[in-house]
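Visitor: Pasting start.txt below, which is compact mmCIF, C-alpha atoms and all ligand atoms.
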# COMPACT_ATOMS: atom_id res chain seq x y z
CA MET A 1 86.43 78.18 98.80
CA ASP A 2 89.01 76.96 96.31
CA TRP A 3 92.05 79.08 95.41
CA GLY A 4 90.89 79.82 91.85
CA MET A 5 87.49 81.08 92.96
CA ARG A 6 89.03 83.20 95.71
CA ASN A 7 91.62 84.60 93.33
CA ARG A 8 89.04 85.54 90.70
CA LEU A 9 86.78 87.19 93.28
CA ALA A 10 89.78 89.11 94.62
CA GLN A 11 90.46 90.44 91.11
CA LEU A 12 86.93 91.88 91.08
CA ILE A 13 86.33 92.95 94.66
CA GLN A 14 89.17 95.18 95.81
CA PRO A 15 91.06 94.88 99.13
CA ASP A 16 88.75 97.52 100.65
CA GLY A 17 85.81 95.20 99.94
CA ARG A 18 84.39 97.52 97.26
CA ALA A 19 84.01 97.32 93.51
CA LEU A 20 83.41 99.52 90.48
CA PHE A 21 82.35 97.39 87.52
CA LEU A 22 81.91 99.12 84.17
CA PRO A 23 79.31 97.38 81.98
CA ILE A 24 79.35 97.84 78.22
CA ASP A 25 77.19 94.82 77.42
CA HIS A 26 74.05 96.76 76.49
CA GLY A 27 74.29 95.98 72.77
CA TYR A 28 73.51 92.31 73.36
CA PHE A 29 69.81 93.17 73.26
CA GLN A 30 69.72 96.94 72.57
CA GLY A 31 71.97 97.06 69.52
CA PRO A 32 74.22 100.10 69.06
CA THR A 33 73.23 101.94 72.23
CA HIS A 34 73.75 105.73 72.34
CA LYS A 35 77.47 106.50 72.98
CA LEU A 36 78.32 102.80 72.81
CA GLU A 37 78.29 102.66 69.02
CA LYS A 38 82.07 102.10 69.13
CA PRO A 39 82.69 100.41 72.48
CA GLY A 40 86.47 100.47 72.05
CA GLU A 41 86.39 104.27 71.76
CA THR A 42 83.90 104.63 74.62
CA ILE A 43 86.06 102.81 77.14
CA LYS A 44 89.44 104.24 76.11
CA PRO A 45 89.45 107.26 78.51
CA ILE A 46 87.59 105.59 81.39
CA LEU A 47 88.81 101.99 81.56
CA SER A 48 91.71 102.72 83.88
CA TYR A 49 89.27 103.93 86.58
CA ALA A 50 87.20 100.72 86.56
CA ASP A 51 87.91 97.59 88.61
CA ALA A 52 86.46 95.32 85.89
CA ILE A 53 84.51 95.53 82.65
CA MET A 54 81.38 93.57 81.83
CA LEU A 55 80.76 92.73 78.19
CA THR A 56 80.00 90.00 75.66
CA ARG A 57 82.61 87.90 73.89
CA GLY A 58 81.89 89.68 70.59
CA ILE A 59 82.73 93.11 71.95
CA LEU A 60 85.66 91.75 73.95
CA ARG A 61 87.27 90.21 70.86
CA SER A 62 86.47 93.07 68.49
CA SER A 63 86.96 96.10 70.70
CA VAL A 64 89.23 95.42 73.66
CA ASP A 65 93.00 95.23 73.44
CA PRO A 66 94.03 91.77 74.71
CA THR A 67 96.95 93.35 76.52
CA ASN A 68 94.35 95.18 78.62
CA THR A 69 94.80 94.00 82.18
CA LYS A 70 91.36 94.82 83.57
CA PRO A 71 89.42 91.81 84.83
CA ILE A 72 86.64 90.66 82.51
CA ILE A 73 83.09 89.83 83.55
CA LEU A 74 81.77 87.98 80.54
CA ARG A 75 78.05 88.23 79.83
CA VAL A 76 76.98 84.75 78.82
CA SER A 77 73.21 85.16 78.46
CA GLY A 78 71.16 86.66 75.65
CA GLY A 79 69.18 85.66 72.59
CA THR A 80 66.54 88.41 72.82
CA SER A 81 66.18 91.92 71.42
CA MET A 82 64.40 95.22 71.96
CA ALA A 83 62.50 94.47 68.76
CA ARG A 84 60.47 91.98 70.82
CA LYS A 85 60.26 93.78 74.15
CA GLU A 86 57.60 91.45 75.50
CA GLU A 87 60.01 88.53 75.15
CA LEU A 88 63.06 90.06 76.84
CA ASP A 89 62.77 87.52 79.66
CA GLN A 90 63.42 84.60 77.30
CA GLU A 91 67.20 84.76 77.57
CA GLY A 92 69.22 81.59 77.26
CA ILE A 93 72.90 80.84 77.80
CA THR A 94 74.85 82.06 74.78
CA THR A 95 78.46 81.40 75.74
CA SER A 96 80.08 78.35 77.27
CA VAL A 97 82.20 78.30 80.41
CA LYS A 98 84.98 76.83 78.25
CA GLU A 99 84.87 79.99 76.12
CA ALA A 100 84.94 82.12 79.28
CA ILE A 101 88.10 80.30 80.36
CA ARG A 102 89.61 80.72 76.88
CA LEU A 103 88.95 84.46 77.16
CA ASN A 104 90.52 84.53 80.63
CA ALA A 105 87.34 85.88 82.20
CA SER A 106 87.38 86.56 85.93
CA ALA A 107 83.63 85.96 86.16
CA VAL A 108 80.59 85.32 84.03
CA SER A 109 77.24 87.07 84.29
CA MET A 110 73.71 86.28 83.21
CA SER A 111 70.25 87.71 83.73
CA VAL A 112 67.41 86.20 85.72
CA PHE A 113 63.88 87.53 85.31
CA VAL A 114 62.06 86.87 88.57
CA GLY A 115 58.31 87.42 88.24
CA SER A 116 58.30 87.24 84.44
CA PRO A 117 56.70 84.49 82.35
CA HIS A 118 60.10 82.89 81.76
CA GLU A 119 61.26 83.16 85.36
CA HIS A 120 61.56 79.38 85.68
CA GLU A 121 63.85 78.88 82.67
CA THR A 122 66.12 81.77 83.60
CA LEU A 123 66.47 80.53 87.18
CA LEU A 124 67.29 77.02 86.00
CA ASN A 125 69.77 78.50 83.53
CA LEU A 126 71.47 80.23 86.45
CA SER A 127 71.59 76.98 88.41
CA SER A 128 73.15 75.10 85.48
CA LEU A 129 75.65 77.89 84.90
CA VAL A 130 76.63 77.87 88.58
CA ASN A 131 77.06 74.08 88.49
CA GLU A 132 79.58 74.44 85.69
CA CYS A 133 81.25 77.59 87.01
CA GLU A 134 81.88 76.05 90.41
CA GLU A 135 83.63 73.14 88.74
CA TYR A 136 86.14 75.56 87.20
CA GLY A 137 86.35 78.11 90.01
CA ILE A 138 84.70 80.95 88.09
CA PRO A 139 82.24 83.20 89.94
CA ALA A 140 78.81 83.63 88.38
CA MET A 141 77.27 87.06 88.79
CA ALA A 142 73.48 87.10 88.57
CA VAL A 143 71.87 90.15 87.03
CA THR A 144 68.39 90.67 88.46
CA ALA A 145 66.79 91.99 85.30
CA VAL A 146 63.38 93.58 84.81
CA GLY A 147 63.38 93.94 81.01
CA ALA A 148 61.29 96.94 80.01
CA GLU A 149 59.35 96.90 83.32
CA LEU A 150 61.49 99.43 85.18
CA GLU A 151 58.64 100.22 87.60
CA LYS A 152 59.14 96.80 89.19
CA ARG A 153 62.22 98.07 91.04
CA ASP A 154 60.96 98.25 94.63
CA ALA A 155 62.59 96.75 97.72
CA ARG A 156 60.20 93.82 98.03
CA TYR A 157 60.75 92.70 94.46
CA LEU A 158 64.51 93.32 94.48
CA ALA A 159 64.96 91.48 97.79
CA LEU A 160 63.09 88.50 96.37
CA ALA A 161 65.12 88.41 93.17
CA CYS A 162 68.51 88.92 94.90
CA ARG A 163 67.89 86.27 97.52
CA ILE A 164 66.80 83.71 94.96
CA ALA A 165 69.87 84.40 92.82
CA ALA A 166 72.12 83.93 95.85
CA GLU A 167 70.29 80.76 96.91
CA LEU A 168 70.92 79.29 93.47
CA GLY A 169 74.64 79.93 93.89
CA ALA A 170 75.47 83.32 92.38
CA ARG A 171 78.70 84.58 93.98
CA VAL A 172 77.78 88.23 93.33
CA VAL A 173 74.37 89.74 92.59
CA LYS A 174 73.73 92.81 90.51
CA THR A 175 70.52 94.62 91.22
CA TYR A 176 68.94 98.05 91.12
CA TYR A 177 69.03 100.62 93.88
CA CYS A 178 65.73 101.72 95.40
CA LYS A 179 65.21 104.68 97.70
CA GLU A 180 62.97 102.94 100.21
CA GLY A 181 64.14 99.78 101.94
CA PHE A 182 67.34 99.10 100.00
CA GLU A 183 69.01 97.95 103.25
CA LYS A 184 66.51 95.07 103.32
CA VAL A 185 67.55 94.06 99.81
CA VAL A 186 71.20 93.85 100.86
CA LYS A 187 70.50 92.30 104.26
CA GLY A 188 68.49 89.49 102.70
CA CYS A 189 71.24 88.62 100.23
CA PRO A 190 74.13 86.58 101.65
CA VAL A 191 76.56 87.46 98.83
CA PRO A 192 77.92 90.87 97.73
CA VAL A 193 75.43 93.16 95.97
CA VAL A 194 76.37 95.67 93.28
CA MET A 195 74.02 98.30 91.88
CA ALA A 196 73.22 99.06 88.25
CA GLY A 197 72.55 102.61 87.22
CA GLY A 198 69.65 102.18 84.82
CA PRO A 199 68.84 104.76 82.13
CA LYS A 200 70.73 108.05 82.31
CA VAL A 201 69.24 110.45 84.84
CA ASP A 202 69.09 114.25 84.64
CA THR A 203 71.82 115.31 87.06
CA GLU A 204 75.16 113.91 88.18
CA LEU A 205 74.23 114.55 91.81
CA GLU A 206 71.34 112.07 91.58
CA VAL A 207 73.83 109.36 90.63
CA PHE A 208 76.29 110.32 93.38
CA GLU A 209 73.48 110.32 95.94
CA PHE A 210 72.18 106.90 95.07
CA VAL A 211 75.62 105.33 94.87
CA TYR A 212 76.51 106.84 98.25
CA ASP A 213 73.25 105.83 99.89
CA GLY A 214 73.39 102.29 98.46
CA ILE A 215 76.89 101.85 99.86
CA GLN A 216 75.84 103.13 103.29
CA LYS A 217 73.11 100.50 103.15
CA GLY A 218 75.53 97.66 102.48
CA SER A 219 76.13 97.43 98.74
CA ILE A 220 79.80 96.87 97.81
CA GLY A 221 79.65 99.13 94.77
CA VAL A 222 78.29 99.40 91.27
CA ASN A 223 77.97 97.80 87.89
CA LEU A 224 77.13 101.12 86.31
CA GLY A 225 77.27 102.01 82.64
CA ARG A 226 75.01 104.55 80.98
CA ASN A 227 75.26 107.18 83.70
CA ILE A 228 79.02 107.12 83.13
CA TRP A 229 79.60 106.71 79.41
CA GLN A 230 76.49 108.57 78.23
CA SER A 231 77.64 111.60 80.21
CA ASP A 232 79.29 114.44 78.29
CA TYR A 233 82.08 114.11 80.88
CA PRO A 234 82.60 110.36 81.35
CA VAL A 235 86.05 110.69 82.94
CA ALA A 236 84.78 113.21 85.50
CA MET A 237 81.81 110.95 86.14
CA ILE A 238 83.74 107.74 86.73
CA ARG A 239 86.36 109.48 88.87
CA ALA A 240 83.66 111.02 91.05
CA ILE A 241 81.88 107.67 91.43
CA ARG A 242 85.19 105.98 92.17
CA SER A 243 85.81 108.46 94.97
CA ILE A 244 82.51 107.48 96.62
CA ILE A 245 83.24 103.77 96.29
CA HIS A 246 86.90 103.66 97.22
CA GLU A 247 87.46 106.84 99.22
CA ASN A 248 84.13 107.20 101.01
CA ALA A 249 83.51 110.60 99.41
CA THR A 250 80.11 112.14 100.12
CA PRO A 251 77.83 113.11 97.20
CA LYS A 252 78.88 116.74 97.72
CA GLU A 253 82.58 115.84 97.60
CA ALA A 254 81.97 113.68 94.53
CA GLN A 255 80.21 116.59 92.85
CA GLN A 256 83.25 118.75 93.55
CA ILE A 257 85.55 116.11 92.03
CA PHE A 258 83.25 115.96 89.01
CA GLU A 259 83.39 119.74 88.58
CA ASP A 260 87.17 119.82 89.06
CA VAL A 261 87.89 117.06 86.57
CA LYS A 262 85.36 118.53 84.14
CA SER A 263 87.05 121.92 84.27
CA GLY A 264 90.50 120.39 83.96
CA LYS A 265 91.66 120.90 87.55
CA GLY A 266 91.95 117.17 87.85
CA ARG A 267 91.64 116.42 91.56
CA GLY A 268 90.06 113.05 91.89
CA ALA A 269 90.04 109.48 93.00
CA ARG A 270 93.05 107.25 92.82
C1 LIG A 301 71.91 95.71 80.86
O1 LIG A 301 71.83 96.06 79.72
C2 LIG A 301 73.15 95.30 81.39
O2 LIG A 301 73.10 94.13 82.14
C3 LIG A 301 73.92 96.35 82.18
O3 LIG A 301 75.13 95.76 82.51
C4 LIG A 301 73.27 96.86 83.44
O4 LIG A 301 71.97 97.28 83.23
C5 LIG A 301 74.06 98.00 84.07
O5 LIG A 301 74.22 99.08 83.22
P1 LIG A 301 73.45 100.48 83.45
O6 LIG A 301 74.11 101.15 84.60
O7 LIG A 301 73.63 101.23 82.17
O8 LIG A 301 72.01 100.16 83.76
Can you turn what I pasted into structure tokens?
Guide:
Amino acid sequence: MDWGMRNRLAQLIQPDGRALFLPIDHGYFQGPTHKLEKPGETIKPILSYADAIMLTRGILRSSVDPTNTKPIILRVSGGTSMARKEELDQEGITTSVKEAIRLNASAVSMSVFVGSPHEHETLLNLSSLVNECEEYGIPAMAVTAVGAELEKRDARYLALACRIAAELGARVVKTYYCKEGFEKVVKGCPVPVVMAGGPKVDTELEVFEFVYDGIQKGSIGVNLGRNIWQSDYPVAMIRAIRSIIHENATPKEAQQIFEDVKSGKGRGAR
């Protein structure tokens, strides 16, 4: 692997082999998502606890201080919207690799929609993106997306999607956690796997439990947004999740960190 590629991957995946990516890219098809109406405000208190942020060029330029030193994962696919839910799988490449370099991105990311009518186009888009990214030493992260079909997220489907993304050259794959058989998803994918959070769930503990379990089963960490920044206590949330990822905290210990930070006691992850 060339120096540039290794260096960029090292900016994202920490020396302990783990990663906490903070995505704020949701507006690219959802519009002004709840609590992400002003992305610059949303990330202000929590950015320092993330290893990287994932976002589009529009939000990067308009809402992130360029003296920010967090690595950038630039979302480079899109072209669809929630107004046409049945066409969410028709994403194309929206942003060039040249633009990613201009923005000093550490990686680019794009969605593939395995099993959807436009599976073929999105997989070829990933292949073309990887061809270009490899030329410049920029890792491509594949997002195994399901559009509005959240019920698709079982181990068999996720293993299929992750493996295909890795076969086409993604250096990192983002997928969903599933309770049954997640170890098979990770085992079948030869590159690091990070987990998305999905829509906000009812309790913090549910998040801590799935992050913990996913890591025990081989995931290197998360690319987790709504369950952090839609929380009423986003700092407590990200610090608790960080403790699971980088300090091997159990869900119970993470819950305690959450409660402590929430109540102002402040014990927490590094
Ligand atoms: C989807 O809108 C984006 O690709 C997100 O980056 C991804 O779904 C992870 O965010 P969340 O944890 O909110 O699902």
Visitor: From the set A:Arg6, A:His26, A:Lys179, A:His246, which residue has the shortest atom-to-atom contact distance to A:Ser81, counting only C-alpha atoms?
Guide: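 Counting only C-alpha atoms, the residue closest to A:Ser81 is A:His26.
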Visitor: In Å, rounded to a single decimal, give me how far atom CA of A:Pro39 is from atom O7 of ligand LIG 301 (chain A).
Guide: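 Going from atom O7 of ligand LIG 301 (chain A) over to atom CA of A:Pro39 covers 13.3 Å.
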Visitor: Kindly provide, as a VMD selection string, all nucleotide and amino acid residues lying within 7 Å of ligand LIG 301 (chain A), counting all atoms listed in the file.
Guide: chain A and resid 23 to 26 54 143 196 to 199 223 to 227
Visitor: Please return as a PyMOL selection string every residue within 10 Å of (70.6, 118.5, 93.8), taking into account all atoms listed in the file and the file's own coordinates.
Guide: chain A and resi 203-206+208-209+251-252+255
Visitor: For atom CA of A:Tyr136 and atom CA of A:Ile93, determine how far apart the two atoms are, in Å to one decimal place.
Guide: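 Atom-to-atom, atom CA of A:Tyr136 and atom CA of A:Ile93 are spaced 17.1 Å apart.
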Visitor: With all atoms listed in the file as the counted atoms, please give the residues lying no more than 10 Å from A:Gln216, apart from itself and same-chain residues fewer than 3 positions off, as a ChimeraX atom specification.
Guide: /A:182-183,210-213,219-220,248
Visitor: In Å, with one decimal, what is the gap from atom CA of A:Val172 to atom CA of A:Met141?
Guide: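 Rounded to one decimal, the two atoms are 4.7 Å apart.
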Visitor: Which protein, DNA or RNA residues have an atom at most 10 Å from (55.1, 82.6, 77.2), counting all atoms listed in the file? List them as a ChimeraX atom specification.
Guide: /A:86-87,89-90,116-118
Visitor: What would the file look like if the residues just selected were written as a JSON list (two decimals), in the coordinates of the input with C-alpha atoms?
Guide:
[["chain", "number", "residue", "atom", "x", "y", "z"],
["A", 86, "GLU", "CA", 57.60, 91.45, 75.50],
["A", 87, "GLU", "CA", 60.01, 88.53, 75.15],
["A", 89, "ASP", "CA", 62.77, 87.52, 79.66],
["A", 90, "GLN", "CA", 63.42, 84.60, 77.30],
["A", 116, "SER", "CA", 58.30, 87.24, 84.44],
["A", 117, "PRO", "CA", 56.70, 84.49, 82.35],
["A", 118, "HIS", "CA", 60.10, 82.89, 81.76]]
Visitor: When distances are computed from all atoms listed in the file, which of A:Val76, A:Ile164, A:Ala155, A:Leu12 shows the smallest separation from A:Phe113?
Guide: A:Ile164
Visitor: For A:Pro71, which residue among A:Thr144, A:Ser128, A:Gln14, A:Thr250 is the nearest when counting all atoms listed in the file?
Guide: A:Gln14
Visitor: Could you give me, as a list in words, the residues within 9 Å of A:Cys162, counting all atoms listed in the file and dropping anything in the same chain fewer than 5 positions from it?
Guide: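 Near neighbours after the sequence-gap exclusion: Ala142, Val143, Thr144, Tyr157, Glu167, Val173, Lys174, Thr175, Val185, Val186, Gly188, Cys189 and Val193 of chain A.
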Visitor: What does the file look like for those residues with C-alpha atoms, as a short mmCIF file (atom, residue, chain, number, x, y, z; two decimals), in the coordinates of the input?
Guide:
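Full text of part20.cif as output:
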data_model
loop_
_atom_site.label_atom_id
_atom_site.label_comp_id
_atom_site.auth_asym_id
_atom_site.auth_seq_id
_atom_site.Cartn_x
_atom_site.Cartn_y
_atom_site.Cartn_z
CA ALA A 142 73.48 87.10 88.57
CA VAL A 143 71.87 90.15 87.03
CA THR A 144 68.39 90.67 88.46
CA TYR A 157 60.75 92.70 94.46
CA GLU A 167 70.29 80.76 96.91
CA VAL A 173 74.37 89.74 92.59
CA LYS A 174 73.73 92.81 90.51
CA THR A 175 70.52 94.62 91.22
CA VAL A 185 67.55 94.06 99.81
CA VAL A 186 71.20 93.85 100.86
CA GLY A 188 68.49 89.49 102.70
CA CYS A 189 71.24 88.62 100.23
CA VAL A 193 75.43 93.16 95.97
#
Visitor: May I ask which of the residues A:Val114, A:Leu22, A:Asp202, A:Leu124 is the closest one to A:Ala159, counting all atoms listed in the file?
Guide: A:Val114
Visitor: Hey, what's within 9 Å of A:Arg156 if we count only C-alpha atoms and toss same-chain stuff fewer than 5 positions away? As an MDAnalysis selection string, please?
Guide: chainID A and resid 161 181 184:185
Visitor: Looking at A:Ala52, A:Ala107, A:Leu123, A:Ala249, which one is nearest to A:Arg163, with distances taken over only C-alpha atoms?
Guide: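 Under the stated criterion, the closest residue is A:Leu123.
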Visitor: Smallest atom-to-atom distance to A:Leu168: which of A:Lys70, A:Val130, A:Ala254, A:Tyr233, using only C-alpha atoms?
Guide: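 Of all the options, A:Val130 lies closest to A:Leu168.
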Visitor: Would you mind listing what lies within 7 Å of A:Ile138 as a list in words, with only C-alpha atoms counted and same-chain residues fewer than 3 positions away left out?
Guide: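 So, after excluding close chain neighbours, the residues are Met5, Arg8, Ser106, Ala107, Cys133 and Glu134 of chain A.
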